[in-house]
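Notes follow the structure.
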2 protein chains.
Amino acid sequence: MVSDAESAPVFAKPPVTLREVAAAAGVSVATASKALNGQGRMTAETRERIRETARLLGFRPNSLAQSLLRKRSFTVGLLTNDTYGRFSLPLMAGVSDALVDKGVSVFLCNVEDDQRLGQLHVEAMLDKRVDGIIATGKRIDRHLPVDLSNLRIPVVYAFTQPDPGAVGLVSDDAGGARLAVEHFLRLGRRRIAHVTGPAGFAVVHTRAEAWRGVLKENGLTTGEPLLGAWSEGWGHEAVEKLFDKAGRGGQPDAIFCGNDQIARGVIDALRERGIRVPDDVGVIGFDNWEIVAEATRPPLTSVDMNLASLGREAGLALLSLVDGQPAAPGIRKLPCRLVVRQSCGSPPG
Amino acid sequence: MVSDAESAPVFAKPPVTLREVAAAAGVSVATASKALNGQGRMTAETRERIRETARLLGFRPNSLAQSLLRKRSFTVGLLTNDTYGRFSLPLMAGVSDALVDKGVSVFLCNVEDDQRLGQLHVEAMLDKRVDGIIATGKRIDRHLPVDLSNLRIPVVYAFTQPDPGAVGLVSDDAGGARLAVEHFLRLGRRRIAHVTGPAGFAVVHTRAEAWRGVLKENGLTTGEPLLGAWSEGWGHEAVEKLFDKAGRGGQPDAIFCGNDQIARGVIDALRERGIRVPDDVGVIGFDNWEIVAEATRPPLTSVDMNLASLGREAGLALLSLVDGQPAAPGIRKLPCRLVVRQSCGSPPG
DNA sequence: CTGAAAGCGCTTACAG
DNA sequence: CTGAAAGCGCTTACAG
């Protein structure tokens with residue numbers, strides 16, 4: 001007995017083709033194509049009949065064939081080395097969301113920090129004729145382990161270091177830091193410390209400069225920012241450094257932290273010392289990593305880099321390049337926003 | 001003046017085609033194709049000459065054309081509703097890693113919990129003729145907002161609820177829970193409590209049953225598991241419940257927690273009460289969310305669900321379905337592993 | 001108003 | 001040993 005219908009996999013049935021639609025409607029393939037695409041001239045009845053036939057048969061045009069002709073695949077590649085995904089995922093989701101509505105699909109390429117993997121993925125993207133590539137990473141001062149500088153297709157960099165002359169989108173870290181410090185000032189805080197990550201990160205300096213700048217503009221003196229690790233442990237330590245020296249008057253009444261983990265360590269350490277947050281000392285973090293920010297006691301006010309919007313913008317920027325619109329090269333900085341919770345204190349009175 | 005070379009976008013130059021390679025090598029397109037694919041018979045010199053020409057011209061075959069012919073696109077769709085990405089990302093990275101070496105690329109489809117988005121993505125995948133689909137989510141007892149049951153292409157479910165009769169991969173939660181409890185027993189702990197998430201989650205019951213089972217097998221009595229939220233706050237509360245009642249003898253000497261956030265809350269609450277971890281009470285978490293597990297004091301022992309492996313397995317399972325290998329339908333449970341840090345205590349003596 | 005032809009870039013029988 | 005032909009599924013000038 002030959003394999004019977006029951007045992008054959010359901011998915012063996014091939015998709016219906018335009019040829020079948022045309023035959024069923026009694027027209028040529030060319031006419032069918034034009035009917036479905038709203039091209040050409042024909043009676044409204046013919047067009048409608050063909051459309052109805054297509055609908056009935058469940059016809060969906062084969063993208064591969066269309067892409068071959070149009071020289072547009074309606075796909076883009078998304079390169080990332082952020083396996084852990086704290087920064088990448090919202091960004092990737094933003095890209096995907098912005099593009100799905102335009103019929104563009106996104107290839108996920110995890111390149112780690114591995115040249116071989118990077119090359120493998122870029123070649124796969126090129127072979128599959130993606131319309132463009134978005135490169136993203138976990139920090140804006142490092143390159144991905146791939147060379148994207150001489151491709152035939154447009155490239156947009158988002159939250160990773162762009163090649164010179166390319167289009168790049170990053171968060172406005174200086175602006176984000178200003179938001180935090182200015183908020184403290186508005187709340188009446190005057191001795192605002194800054195506890196942040198390692199000197200090896202560009203954002204550490206960008207944010208520290210902004211912190212210093214705002215204080216100076218307001219006639220306040222600043223000490224040095226405290227550089228350390230991006231960790232809770234460092235937040236703890238930093239509190240010791242800040243509060244073990246000097247008298248009450250030299251101690252901060254607010255601490256702006258370089259990320260939420262540091263802020264969490266700071267808050268825990270302050271509580272252990274009996275220093276009240278926000279009454280005695282206000283705390284603001286950076287990243288608005290919700291699961292951390294909402295678990296601190298009190299919940300943490302934090303600067304959000306709007307990574308999903310950044311992803312959306314990157315997707316749209318790439319599309320307009322693909323469509324041949326010229327884009328100004330260079331780095332575009334997108335605004336951050338301050339998410340106010342309870343750790344920073346309320347306005348006086 | 002017509003647009004000069006300087007101002008034209010670099011990426012306007014179209015890729016080199018097989019026809020050009022053939023012309024350059026002085027052979028027909030058919031011969032060129034066979035030479036590059038190792039098909040047909042021809043002199044070694046001819047083959048080598050064609051290959052060399054292709055290399056020189058930087059020829060890369062157009063995947064779209066190949067896919068059209070072969071009826072295989074070497075792409076798969078990856079559906080997820082885990083925007084936050086704690087579970088999805090390692091899984092997605094695993095899928096991508098397993099497939100990139102086989103020349104298969106992965107479309108990222110963020111469907112949220114939105115039917116419309118789900119449908120949009122599934123149609124896009126079908127139109128692009130993906131070879132198969134992997135569905136993944138943030139919990140194993142919920143469906144994605146899409147119907148994948150009657151597609152023409154194979155589907156594998158990973159870390160989300162499969163359709164009946166489909167192939168599904170999940171972590172062995174019961175096994176993972178056993179690992180934790182048995183480890184405590186080996187360490188000499190006897191009064192092992194269980195603090196976990198809400199009753200609405202299937203894994204809450206799976207893990208609680210396993211906890212209860214191991215204790216019974218060892219002749220130990222168990223109380224009821226403490227159900228609550230997946231949060232630090234609940235971990236805190238649970239410690240109050242466990243330690244405010246009964247005398248010293250009724251209090252646990254070990255707590256197995258349903259996730260790492262709960263475990264973190266538990267550890268913090270114990271410390272605040274002056275109860276030493278692990279000396280007085282051992283703690284084990286679940287998920288092995290490194291950034292949390294490593295920040296607890298002491299660092300947290302936790303059950304790891306091996307999500308990257310799960311992703312790899314899912315990718316390979318899908319590929320073998322695509323290749324026509326029959327796969328046993330049903331749910332396959334993949335083992336967890338215990339990552340031992342300092343919160344559970346050392347062996348006695 | 002509709003269809004036949006050519007073609008996107010490739011592969012695979014089939015001739016010679 | 002090599003090439004001409006047909007074809008994957010579609011679209012788009014061009015005739016009629």
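Residue names in the structure tokens use chain letters A, B, ... in the order shown, residue numbers from 1 in each chain, and ligand numbers from 1 in the order shown.
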
**OP:** Write out as number ranges by chain each polymer residue whose atoms come within 8 Å of DG3 of chain C, counting only C-alpha atoms (C1' of nucleotides); drop sequence neighbours fewer than 3 positions from it.
**Re:** A: 28, 30-31

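Residues from chain D that have an atom within 8 Å of chain B, counting only C-alpha atoms (C1' of nucleotides), are DC1, DT2, DG3, DC8 and DG9 of chain D.
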
**OP:** Kindly determine which residues of chain B lie within 8 Å of chain A, considering only C-alpha atoms, and give the answer as number ranges by chain.
**Re:** B: 10-15, 60-65, 67-68, 83-86, 89-90, 93, 96-97, 100, 103, 105-110, 120-121, 124, 127-129, 150-154, 231-233, 295

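Residues surrounding Ala44 of chain B within 10 Å are B:Ala35, B:Glu48, B:Arg49 [only C-alpha atoms (C1' of nucleotides); sequence separation below 4 positions excluded].
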
Mind dumping the selected residues with N, CA and C atoms as a PDB file, in the first residue's frame?
ATOM      1  N   ALA B  35      29.792  23.759 -11.438  1.00  0.00           N
ATOM      2  CA  ALA B  35      31.158  23.854 -10.916  1.00  0.00           C
ATOM      3  C   ALA B  35      31.133  24.291  -9.458  1.00  0.00           C
ATOM      4  N   GLU B  48      38.022  24.363 -11.308  1.00  0.00           N
ATOM      5  CA  GLU B  48      38.864  25.221 -10.491  1.00  0.00           C
ATOM      6  C   GLU B  48      38.886  26.650 -11.052  1.00  0.00           C
ATOM      7  N   ARG B  49      38.945  26.735 -12.363  1.00  0.00           N
ATOM      8  CA  ARG B  49      38.987  28.047 -12.999  1.00  0.00           C
ATOM      9  C   ARG B  49      37.706  28.833 -12.683  1.00  0.00           C
TER      10      ARG B  49
END

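Candidate residues B:Asp141, B:Gly219, B:Arg190, B:Ile255 were compared for distance to Ala202 of chain B, and the nearest is B:Asp141, using only C-alpha atoms.
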
**OP:** State, in Å with one decimal place, the distance from atom CA of Val167 of chain A to atom CA of Gly330 of chain A.
**Re:** 5.2 Å

**OP:** Could you pull out the residues in segment 107-333 of chain A that DSSP calls alpha helix (DSSP H) from the backbone, as number ranges by chain?
**Re:** A: 115-127, 173-186, 202-217, 232-244, 260-272, 290-293, 307-322

**OP:** Write out as a VMD selection string which residues come within 12 Å of DA6 of chain D when counting only C-alpha atoms (C1' of nucleotides), dropping same-chain ones fewer than 5 positions away.
**Re:** chain C and resid 11 to 14

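Distance-wise, atom CA of Ile267 of chain A and atom CA of Leu338 of chain A end up 18.3 Å apart.
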